[in-house]
Structures are given as structure tokens and as C-alpha cells.
>>> print(open('model.pdb').read())   # PDB, C-alpha atoms
ATOM      1  CA  MET X   1      -3.510 -14.155  44.163
ATOM      2  CA  VAL X   2      -2.951 -16.826  41.503
ATOM      3  CA  ARG X   3       0.452 -16.826  39.854
ATOM      4  CA  HIS X   4       0.748 -17.300  36.112
ATOM      5  CA  ASP X   5       4.220 -18.712  35.682
ATOM      6  CA  PRO X   6       5.132 -18.473  31.970
ATOM      7  CA  THR X   7       6.431 -22.045  31.831
ATOM      8  CA  LEU X   8       3.219 -23.414  33.304
ATOM      9  CA  VAL X   9       1.072 -21.212  31.083
ATOM     10  CA  TYR X  10       3.002 -22.458  28.061
ATOM     11  CA  LYS X  11       2.386 -26.093  29.067
ATOM     12  CA  GLU X  12      -1.290 -25.344  29.635
ATOM     13  CA  ILE X  13      -1.689 -23.836  26.160
ATOM     14  CA  VAL X  14       0.250 -26.659  24.521
ATOM     15  CA  ASP X  15      -1.997 -29.243  26.174
ATOM     16  CA  THR X  16      -5.145 -27.336  25.228
ATOM     17  CA  LEU X  17      -4.130 -27.006  21.573
ATOM     18  CA  ALA X  18      -3.105 -30.665  21.437
ATOM     19  CA  ASP X  19      -6.497 -31.730  22.802
ATOM     20  CA  TYR X  20      -8.095 -30.097  19.765
ATOM     21  CA  GLY X  21      -5.701 -31.618  17.234
ATOM     22  CA  ILE X  22      -3.910 -28.404  16.337
ATOM     23  CA  PRO X  23      -0.596 -29.060  14.536
ATOM     24  CA  ASP X  24       2.697 -27.521  15.761
ATOM     25  CA  VAL X  25       1.302 -26.882  19.216
ATOM     26  CA  GLU X  26       4.642 -25.915  20.790
ATOM     27  CA  PHE X  27       5.341 -23.286  18.157
ATOM     28  CA  ASP X  28       1.818 -21.884  18.281
ATOM     29  CA  ALA X  29       1.753 -21.699  22.085
ATOM     30  CA  ARG X  30       5.072 -19.881  22.184
ATOM     31  CA  CYS X  31       3.983 -17.398  19.512
ATOM     32  CA  ILE X  32       0.723 -16.648  21.311
ATOM     33  CA  ILE X  33       2.417 -15.992  24.641
ATOM     34  CA  GLU X  34       5.136 -13.874  23.068
ATOM     35  CA  GLN X  35       2.557 -11.879  21.091
ATOM     36  CA  VAL X  36       0.648 -11.029  24.279
ATOM     37  CA  THR X  37       3.623 -10.304  26.536
ATOM     38  CA  GLY X  38       5.943  -8.736  23.971
ATOM     39  CA  GLN X  39       8.794 -10.850  25.337
ATOM     40  CA  LYS X  40      10.612 -14.003  24.271
ATOM     41  CA  LEU X  41       9.306 -16.886  26.322
ATOM     42  CA  MET X  42      12.764 -18.262  27.095
ATOM     43  CA  LEU X  43      13.844 -14.885  28.473
ATOM     44  CA  MET X  44      10.819 -14.118  30.622
ATOM     45  CA  ARG X  45      11.692 -13.611  34.262
ATOM     46  CA  ARG X  46       8.259 -12.608  35.494
ATOM     47  CA  ASP X  47       4.757 -14.015  35.748
ATOM     48  CA  LEU X  48       2.056 -13.067  33.289
ATOM     49  CA  THR X  49      -0.372 -10.486  34.549
ATOM     50  CA  GLU X  50      -4.027 -11.405  34.950
ATOM     51  CA  GLU X  51      -4.851  -9.396  31.831
ATOM     52  CA  GLU X  52      -2.110 -11.120  29.815
ATOM     53  CA  TYR X  53      -3.261 -14.529  30.989
ATOM     54  CA  HIS X  54      -6.811 -13.701  29.868
ATOM     55  CA  ARG X  55      -5.621 -12.493  26.452
ATOM     56  CA  VAL X  56      -3.525 -15.623  25.970
ATOM     57  CA  HIS X  57      -6.642 -17.707  26.452
ATOM     58  CA  LEU X  58      -8.667 -15.565  24.087
ATOM     59  CA  LEU X  59      -6.069 -16.072  21.339
ATOM     60  CA  THR X  60      -5.890 -19.772  22.135
ATOM     61  CA  GLU X  61      -9.653 -20.044  21.670
ATOM     62  CA  ARG X  62      -9.311 -18.485  18.229
ATOM     63  CA  ARG X  63      -6.621 -21.009  17.320
ATOM     64  CA  ILE X  64      -8.813 -23.882  18.530
ATOM     65  CA  LEU X  65     -11.365 -22.729  15.960
ATOM     66  CA  ARG X  66      -8.576 -23.197  13.382
ATOM     67  CA  GLU X  67      -8.131 -19.526  12.645
ATOM     68  CA  PRO X  68      -4.652 -19.214  11.106
ATOM     69  CA  LEU X  69      -1.909 -18.340  13.560
ATOM     70  CA  GLN X  70      -0.794 -15.555  11.210
ATOM     71  CA  TYR X  71      -4.183 -13.826  11.495
ATOM     72  CA  ILE X  72      -4.152 -14.218  15.269
ATOM     73  CA  LEU X  73      -0.711 -12.627  15.490
ATOM     74  CA  GLY X  74      -1.622  -9.989  12.913
ATOM     75  CA  GLU X  75       1.705 -10.297  11.123
ATOM     76  CA  TRP X  76       4.085 -12.732   9.459
ATOM     77  CA  GLU X  77       7.601 -12.670   8.082
ATOM     78  CA  PHE X  78       8.334 -12.759   4.369
ATOM     79  CA  PHE X  79      11.802 -12.453   2.855
ATOM     80  CA  GLY X  80      13.077 -11.191   6.202
ATOM     81  CA  MET X  81      10.437  -8.444   6.320
ATOM     82  CA  ARG X  82       7.550  -7.972   8.736
ATOM     83  CA  MET X  83       4.207  -8.094   6.934
ATOM     84  CA  PHE X  84       0.892  -7.193   8.528
ATOM     85  CA  VAL X  85      -1.849  -9.654   7.627
ATOM     86  CA  GLY X  86      -5.408 -10.409   8.672
ATOM     87  CA  GLU X  87      -8.833 -11.370   7.460
ATOM     88  CA  GLY X  88      -9.267 -10.621   3.777
ATOM     89  CA  VAL X  89      -5.641 -11.005   2.693
ATOM     90  CA  LEU X  90      -3.619 -14.035   1.619
ATOM     91  CA  ILE X  91      -0.952 -15.128   4.103
ATOM     92  CA  PRO X  92       2.616 -14.847   2.687
ATOM     93  CA  ARG X  93       4.245 -18.250   2.280
ATOM     94  CA  PRO X  94       7.900 -19.319   2.089
ATOM     95  CA  ASP X  95       7.371 -20.920  -1.343
ATOM     96  CA  THR X  96       6.730 -17.460  -2.791
ATOM     97  CA  GLU X  97      10.225 -16.364  -1.818
ATOM     98  CA  VAL X  98      11.483 -18.451  -4.767
ATOM     99  CA  LEU X  99       9.501 -16.157  -7.066
ATOM    100  CA  VAL X 100      11.146 -13.085  -5.527
ATOM    101  CA  GLU X 101      14.616 -14.642  -5.793
ATOM    102  CA  THR X 102      14.010 -15.443  -9.455
ATOM    103  CA  VAL X 103      13.022 -11.863 -10.304
ATOM    104  CA  LEU X 104      15.905 -10.396  -8.317
ATOM    105  CA  GLU X 105      18.374 -12.566 -10.225
ATOM    106  CA  TRP X 106      16.916 -11.491 -13.568
ATOM    107  CA  CYS X 107      17.051  -7.806 -12.591
ATOM    108  CA  ARG X 108      20.577  -7.782 -11.178
ATOM    109  CA  ASP X 109      22.059  -5.954 -14.197
ATOM    110  CA  LEU X 110      19.150  -3.525 -14.649
ATOM    111  CA  PRO X 111      19.787  -0.266 -12.743
ATOM    112  CA  HIS X 112      16.205   1.010 -12.943
ATOM    113  CA  PRO X 113      13.761  -1.791 -13.799
ATOM    114  CA  ARG X 114      10.057  -1.012 -13.992
ATOM    115  CA  ILE X 115       8.156  -3.824 -12.270
ATOM    116  CA  ILE X 116       4.501  -4.588 -11.581
ATOM    117  CA  ASP X 117       3.179  -7.182  -9.147
ATOM    118  CA  LEU X 118      -0.273  -8.456 -10.147
ATOM    119  CA  CYS X 119      -2.628  -9.803  -7.448
ATOM    120  CA  THR X 120      -0.364  -8.258  -4.839
ATOM    121  CA  GLY X 121      -2.385  -9.138  -1.726
ATOM    122  CA  SER X 122      -0.387  -7.966   1.299
ATOM    123  CA  GLY X 123       2.181  -6.415  -1.046
ATOM    124  CA  CYS X 124       4.879  -8.796   0.156
ATOM    125  CA  ILE X 125       6.344  -9.543  -3.293
ATOM    126  CA  ALA X 126       6.382  -5.896  -4.398
ATOM    127  CA  LEU X 127       7.927  -4.748  -1.117
ATOM    128  CA  ALA X 128      10.636  -7.415  -1.128
ATOM    129  CA  LEU X 129      11.560  -6.453  -4.693
ATOM    130  CA  GLN X 130      11.552  -2.732  -3.902
ATOM    131  CA  LYS X 131      13.745  -3.242  -0.834
ATOM    132  CA  HIS X 132      16.361  -5.225  -2.737
ATOM    133  CA  LEU X 133      16.132  -3.163  -5.937
ATOM    134  CA  PRO X 134      16.207   0.411  -4.596
ATOM    135  CA  GLY X 135      16.557   1.838  -8.101
ATOM    136  CA  ALA X 136      13.432   0.097  -9.342
ATOM    137  CA  GLU X 137      10.005   1.594  -9.924
ATOM    138  CA  VAL X 138       7.670  -0.987  -8.407
ATOM    139  CA  HIS X 139       3.912  -1.040  -8.883
ATOM    140  CA  ALA X 140       1.406  -3.371  -7.198
ATOM    141  CA  LEU X 141      -2.137  -4.172  -8.272
ATOM    142  CA  ASP X 142      -5.158  -5.822  -6.651
ATOM    143  CA  ILE X 143      -8.947  -5.669  -6.853
ATOM    144  CA  SER X 144      -9.628  -6.331  -3.163
ATOM    145  CA  ASP X 145     -10.115  -3.340  -0.868
ATOM    146  CA  ALA X 146      -9.087  -5.442   2.138
ATOM    147  CA  ALA X 147      -5.877  -6.559   0.455
ATOM    148  CA  LEU X 148      -5.045  -3.043  -0.700
ATOM    149  CA  ALA X 149      -5.520  -1.740   2.838
ATOM    150  CA  TYR X 150      -2.986  -4.254   4.165
ATOM    151  CA  ALA X 151      -0.630  -3.535   1.267
ATOM    152  CA  GLN X 152      -0.761   0.190   2.039
ATOM    153  CA  ARG X 153      -0.144  -0.472   5.721
ATOM    154  CA  ASN X 154       2.905  -2.566   4.849
ATOM    155  CA  ILE X 155       4.170   0.062   2.414
ATOM    156  CA  ASP X 156       3.829   2.727   5.084
ATOM    157  CA  TYR X 157       5.535   0.573   7.704
ATOM    158  CA  HIS X 158       8.556  -0.162   5.516
ATOM    159  CA  ARG X 159       8.638   3.350   4.030
ATOM    160  CA  LEU X 160       9.154   2.046   0.521
ATOM    161  CA  PRO X 161       7.818   3.815  -2.593
ATOM    162  CA  VAL X 162       5.676   1.002  -4.034
ATOM    163  CA  ILE X 163       2.811   2.411  -6.118
ATOM    164  CA  LEU X 164      -0.608   0.796  -5.578
ATOM    165  CA  HIS X 165      -3.363   0.387  -8.174
ATOM    166  CA  LYS X 166      -6.900  -0.903  -7.759
ATOM    167  CA  ARG X 167      -7.632  -2.883 -10.922
ATOM    168  CA  ASP X 168      -9.214  -6.150 -12.031
ATOM    169  CA  VAL X 169      -6.202  -8.005 -13.416
ATOM    170  CA  LEU X 170      -8.462 -10.084 -15.675
ATOM    171  CA  CYS X 171      -9.752  -7.119 -17.664
ATOM    172  CA  GLU X 172      -7.734  -3.973 -16.839
ATOM    173  CA  THR X 173      -4.121  -2.925 -17.270
ATOM    174  CA  VAL X 174      -2.241   0.204 -16.221
ATOM    175  CA  PRO X 175      -0.540   2.790 -18.455
ATOM    176  CA  GLY X 176       3.013   2.305 -19.675
ATOM    177  CA  ARG X 177       5.265  -0.678 -20.128
ATOM    178  CA  PHE X 178       7.242  -2.759 -17.689
ATOM    179  CA  ASP X 179      10.468  -4.729 -17.675
ATOM    180  CA  VAL X 180       8.947  -7.324 -15.332
ATOM    181  CA  ILE X 181       5.458  -8.576 -14.644
ATOM    182  CA  VAL X 182       5.399 -10.810 -11.574
ATOM    183  CA  SER X 183       2.377 -12.532 -10.116
ATOM    184  CA  ASN X 184       1.289 -15.067  -7.545
ATOM    185  CA  PRO X 185      -2.297 -15.310  -8.824
ATOM    186  CA  PRO X 186      -5.129 -17.508  -7.570
ATOM    187  CA  TYR X 187      -4.486 -21.022  -8.885
ATOM    188  CA  LEU X 188      -6.575 -23.531  -6.934
ATOM    189  CA  THR X 189      -9.060 -25.678  -8.851
ATOM    190  CA  ASN X 190     -12.692 -26.087  -7.852
ATOM    191  CA  ASP X 191     -11.873 -29.520  -6.448
ATOM    192  CA  GLU X 192      -8.972 -28.163  -4.397
ATOM    193  CA  MET X 193     -11.188 -25.384  -3.051
ATOM    194  CA  ALA X 194     -13.695 -28.008  -1.877
ATOM    195  CA  HIS X 195     -11.018 -29.830   0.149
ATOM    196  CA  LEU X 196      -9.106 -26.994   1.811
ATOM    197  CA  GLN X 197      -7.490 -27.365   5.220
ATOM    198  CA  PRO X 198      -9.544 -25.644   7.945
ATOM    199  CA  GLU X 199      -7.034 -22.784   8.318
ATOM    200  CA  ILE X 200      -6.996 -22.001   4.607
ATOM    201  CA  ARG X 201     -10.784 -21.645   4.606
ATOM    202  CA  TYR X 202     -10.263 -18.411   6.559
ATOM    203  CA  GLU X 203      -8.280 -16.922   3.684
ATOM    204  CA  PRO X 204     -10.151 -15.033   0.950
ATOM    205  CA  ALA X 205     -11.473 -17.253  -1.831
ATOM    206  CA  LEU X 206     -10.797 -14.343  -4.202
ATOM    207  CA  ALA X 207      -7.062 -14.901  -3.645
ATOM    208  CA  LEU X 208      -7.239 -18.678  -4.026
ATOM    209  CA  ALA X 209      -9.867 -19.853  -6.506
ATOM    210  CA  ALA X 210      -9.165 -20.006 -10.236
ATOM    211  CA  GLY X 211     -12.012 -22.014 -11.725
ATOM    212  CA  GLN X 212     -12.423 -25.587 -12.832
ATOM    213  CA  ASN X 213      -8.802 -26.171 -13.850
ATOM    214  CA  GLY X 214      -7.031 -23.427 -11.879
ATOM    215  CA  GLN X 215      -5.735 -21.767 -15.042
ATOM    216  CA  ILE X 216      -7.933 -18.688 -15.564
ATOM    217  CA  TYR X 217      -5.426 -16.116 -14.336
ATOM    218  CA  TYR X 218      -2.403 -17.557 -16.154
ATOM    219  CA  ASP X 219      -4.135 -17.569 -19.510
ATOM    220  CA  ARG X 220      -5.695 -14.139 -19.101
ATOM    221  CA  ILE X 221      -2.564 -12.407 -17.783
ATOM    222  CA  ALA X 222      -0.448 -13.965 -20.535
ATOM    223  CA  THR X 223      -2.756 -12.467 -23.177
ATOM    224  CA  LEU X 224      -4.048  -9.201 -21.702
ATOM    225  CA  TRP X 225      -0.739  -8.078 -20.208
ATOM    226  CA  LYS X 226       1.627  -9.195 -22.971
ATOM    227  CA  ASP X 227       1.709  -5.747 -24.590
ATOM    228  CA  ALA X 228       2.499  -4.195 -21.198
ATOM    229  CA  LEU X 229       5.955  -5.788 -21.276
ATOM    230  CA  ASN X 230       8.941  -4.163 -22.942
ATOM    231  CA  PRO X 231      10.620  -6.242 -25.665
ATOM    232  CA  GLY X 232      12.599  -8.957 -23.920
ATOM    233  CA  GLY X 233      10.693  -8.304 -20.686
ATOM    234  CA  LEU X 234      10.097 -10.990 -18.088
ATOM    235  CA  LEU X 235       6.812 -12.593 -17.061
ATOM    236  CA  ALA X 236       7.187 -14.571 -13.817
ATOM    237  CA  PHE X 237       4.392 -16.634 -12.262
ATOM    238  CA  GLU X 238       4.113 -18.629  -9.080
ATOM    239  CA  ILE X 239       2.332 -21.901  -9.886
ATOM    240  CA  GLY X 240       0.877 -24.935  -8.149
ATOM    241  CA  GLU X 241       3.237 -27.885  -8.080
ATOM    242  CA  GLN X 242       1.261 -29.721 -10.792
ATOM    243  CA  GLN X 243       0.929 -26.767 -13.159
ATOM    244  CA  GLY X 244       4.381 -26.339 -14.676
ATOM    245  CA  LYS X 245       3.674 -28.133 -17.931
ATOM    246  CA  THR X 246       0.257 -26.537 -18.458
ATOM    247  CA  VAL X 247       1.347 -22.959 -17.752
ATOM    248  CA  SER X 248       4.433 -23.408 -19.925
ATOM    249  CA  GLY X 249       2.136 -24.571 -22.706
ATOM    250  CA  TYR X 250      -0.025 -21.444 -22.376
ATOM    251  CA  LEU X 251       3.011 -19.204 -22.591
ATOM    252  CA  LYS X 252       4.385 -21.015 -25.625
ATOM    253  CA  TRP X 253       1.005 -20.826 -27.342
ATOM    254  CA  HIS X 254       0.876 -17.061 -26.755
ATOM    255  CA  GLY X 255       4.295 -16.515 -28.292
ATOM    256  CA  TYR X 256       6.539 -16.205 -25.242
ATOM    257  CA  GLN X 257      10.140 -17.395 -25.414
ATOM    258  CA  ASN X 258      12.813 -18.800 -23.077
ATOM    259  CA  ILE X 259      10.216 -20.568 -20.935
ATOM    260  CA  ARG X 260      11.605 -22.045 -17.694
ATOM    261  CA  VAL X 261      10.089 -24.004 -14.829
ATOM    262  CA  ILE X 262      11.878 -23.448 -11.502
ATOM    263  CA  ARG X 263      11.539 -25.662  -8.442
ATOM    264  CA  ASP X 264      11.191 -24.632  -4.823
ATOM    265  CA  TYR X 265      13.317 -25.939  -1.947
ATOM    266  CA  ALA X 266      11.052 -28.969  -1.585
ATOM    267  CA  HIS X 267      11.818 -29.808  -5.249
ATOM    268  CA  HIS X 268       8.294 -28.987  -6.443
ATOM    269  CA  ASP X 269       7.611 -26.931  -9.561
ATOM    270  CA  ARG X 270       6.917 -23.442  -8.189
ATOM    271  CA  VAL X 271       7.782 -20.717 -10.716
ATOM    272  CA  VAL X 272       7.405 -20.340 -14.477
ATOM    273  CA  THR X 273       9.215 -17.544 -16.288
ATOM    274  CA  ALA X 274       9.201 -16.436 -19.911
ATOM    275  CA  ASN X 275      10.223 -13.476 -22.052
ATOM    276  CA  VAL X 276       8.324 -11.589 -24.721
ATOM    277  CA  PRO X 277      10.152 -11.413 -28.067
TER
END
>>> encode(input="model.pdb", output="C-alpha cells")
Amino acid sequence: MVRHDPTLVYKEIVDTLADYGIPDVEFDARCIIEQVTGQKLMLMRRDLTEEEYHRVHLLTERRILREPLQYILGEWEFFGMRMFVGEGVLIPRPDTEVLVETVLEWCRDLPHPRIIDLCTGSGCIALALQKHLPGAEVHALDISDAALAYAQRNIDYHRLPVILHKRDVLCETVPGRFDVIVSNPPYLTNDEMAHLQPEIRYEPALALAAGQNGQIYYDRIATLWKDALNPGGLLAFEIGEQQGKTVSGYLKWHGYQNIRVIRDYAHHDRVVTANVP
């Protein structure tokens, strides 16, 4: 009987991934083995079973094809919370945590803010806000059935009362007014979409593409959803690192005030906020 020592299996997967030019091979190999075995690699004191060894290789083959590690694992962490992800939903990214932090800071003196997250995807923004603002009424909106299914799964897992809506953010609103509208909308240009990294090509174009200049969603949300904000309410966008000036210009043109551009931890423009009068 062949033994499958975890250390040797790890080295085998690292070498295989490296042969195909996969970045971060050590991290990926460890995650794959830990996903299959349910144990931390450094703490394993047993060999992998034949079935586990086979599954490790199946997942490795998916990674060789440049399927995102997050899809292979079926989950990813966002703001310290486990989020289920997979085909058809945008993968949560650390940069978006700056958007959540910005909204949390603005809401700190509001006991019961009413918040809506547009283009919610996995629901990660809405859930992080609901967790840290237990008195808030948080809504989340998306047009994609696949995304809404993952958002509902994440809501159920975390047992948080986020309210989902299926709407087209470009032409439909929801009843009532909100203290905060937050959104990480699609913002890639046509040129950027044509030059995506292989992993990103697995993610839904619906959650990425925003036309020739990447500005469709910012302009439309700023106009269509303006009346959905209470006086003094906050509009908070995640943006591409080159879009701060343009999005700020849209908001100024549409009559918003107190416009700010906030940088992420890599010192790139990442968030634009503004208030309605």
C-alpha cells in the first residue's frame, strides 16, 4: 500500500503548480490539502487516505486550468467572516474592506441606520455591515440569480437579517429611503475586460464590465438612486484606482456635497463618498 505522507504530497502539489506557472504555489497547495483533509497541514499527524489523495489531485487540476482558488475552495474570508463563493459570483477582495470601514465610521453615531448595498454579489458588504451595526436595517440588491443564491446562503449561514431584493440597479429602485447607499459596482472598461488575468476570466462579466469607460454604474446610480437617500444621506462607492477624479466629477455634477476620495492600504484611490443636500 502506497503511503501519502502530507509533507511529500504538499511538495508534489507545489512542484506541479509551479510547473504550470501558478503564482503563490505554496499557499495554494496548503489550502487545497487543508480543504480536502479538514486539518491544518502543519498539525497533520497521519497520511492522506487514497480518496483524499485523489481529491487533492482533482482540485490541483482545476487550479492548473487557472480556476480561482476561491472557487475551488468554495469559500473565502471577508472582514473576518466566512463567505461562500463559486461560479457566477464575484470573489470578495481585501480592497473592498476599506468601503465597509468607511461606512461603519460614518454610521457610528446612528443607532438604527437604513442601508442598502447595490450590486451585492455574495452579500459580503451587506453582511459585514449588518454584523457590526446590529441595530441597522440592511438591504442588498442584485440582478443575478447566481449571486443572489450565494448571498442567501451566506445570510443563512451567518444568521443575519439582511433583506435581499432582485432588481436591475440601472433602472429599478426599492421603496422607501435610506441613510446609506453603498456599492461596489462593475467598473472595468472594455479594454480592461479584454486583458483580464486568467483567473478573473472565470468571474461573471456581469459583475465586472461597465462599458467603454467603466463609468456606467456610477453615473446611473448617482442619478436614479439620489432620491432614495434621506437628506444628508451617504453614497459610498468602491472605485478603480484611476477613477477617483472622474467619479467625484459625476457626483459634483449631480449635486452631491462633501465629496471625498479615500485610499486603500496600498495607497490607491479606492472609495468615493458624498452626501445628498
>>> resolve_selection(input="model.pdb", expression="the PyMOL selection byres ((chain X and resi 32) around 10)", output="number ranges by chain")
X: 10, 13, 27-31, 33-38, 41, 55-60, 63, 69, 72-73
>>> resolve_selection(input="model.pdb", expression="the PyMOL selection byres ((chain X and resi 80-90) around 10)", output="MDAnalysis selection string")
chainID X and resid 67:79 91:93 97 120:124 127:128 131 144:155 157:158 186 200 202:208
>>> atom_distance(input="model.pdb", atom1="CA of Pro111 (chain X)", atom2="CA of Asn230 (chain X)")
15.4 Å
>>> atom_distance(input="model.pdb", atom1="CA of Ala210 (chain X)", atom2="CA of His165 (chain X)")
21.3 Å
>>> axis_aligned_box(input="model.pdb", around="region 239-250 of chain X", padding_each_side="6 Å", output="AutoDock Vina command-line options")
--center_x 2.2 --center_y -25.6 --center_z -15.4 --size_x 16.5 --size_y 20.3 --size_z 26.6
>>> closest_residue(input="model.pdb", among="X:Gln243, X:Thr273, X:Thr173, X:Asn258", to="Thr189 (chain X)", atoms="all atoms listed in the file")
X:Gln243
>>> closest_residue(input="model.pdb", among="X:Leu164, X:Leu251, X:Met44, X:Leu188", to="Asp219 (chain X)", atoms="only C-alpha atoms")
X:Leu251
>>> atom_distance(input="model.pdb", atom1="CA of Arg108 (chain X)", atom2="CA of His132 (chain X)")
9.8 Å
>>> resolve_selection(input="model.pdb", expression="the PyMOL selection byres ((chain X and resi 182) around 6)", output="ChimeraX atom specification")
/X:117,181,183,235-237
>>> residues_around(input="model.pdb", residues="Asp179 (chain X)", least_positions_apart="5", cutoff="9 Å", atoms="only C-alpha atoms", output="number ranges by chain")
X: 107, 113-116, 228-235
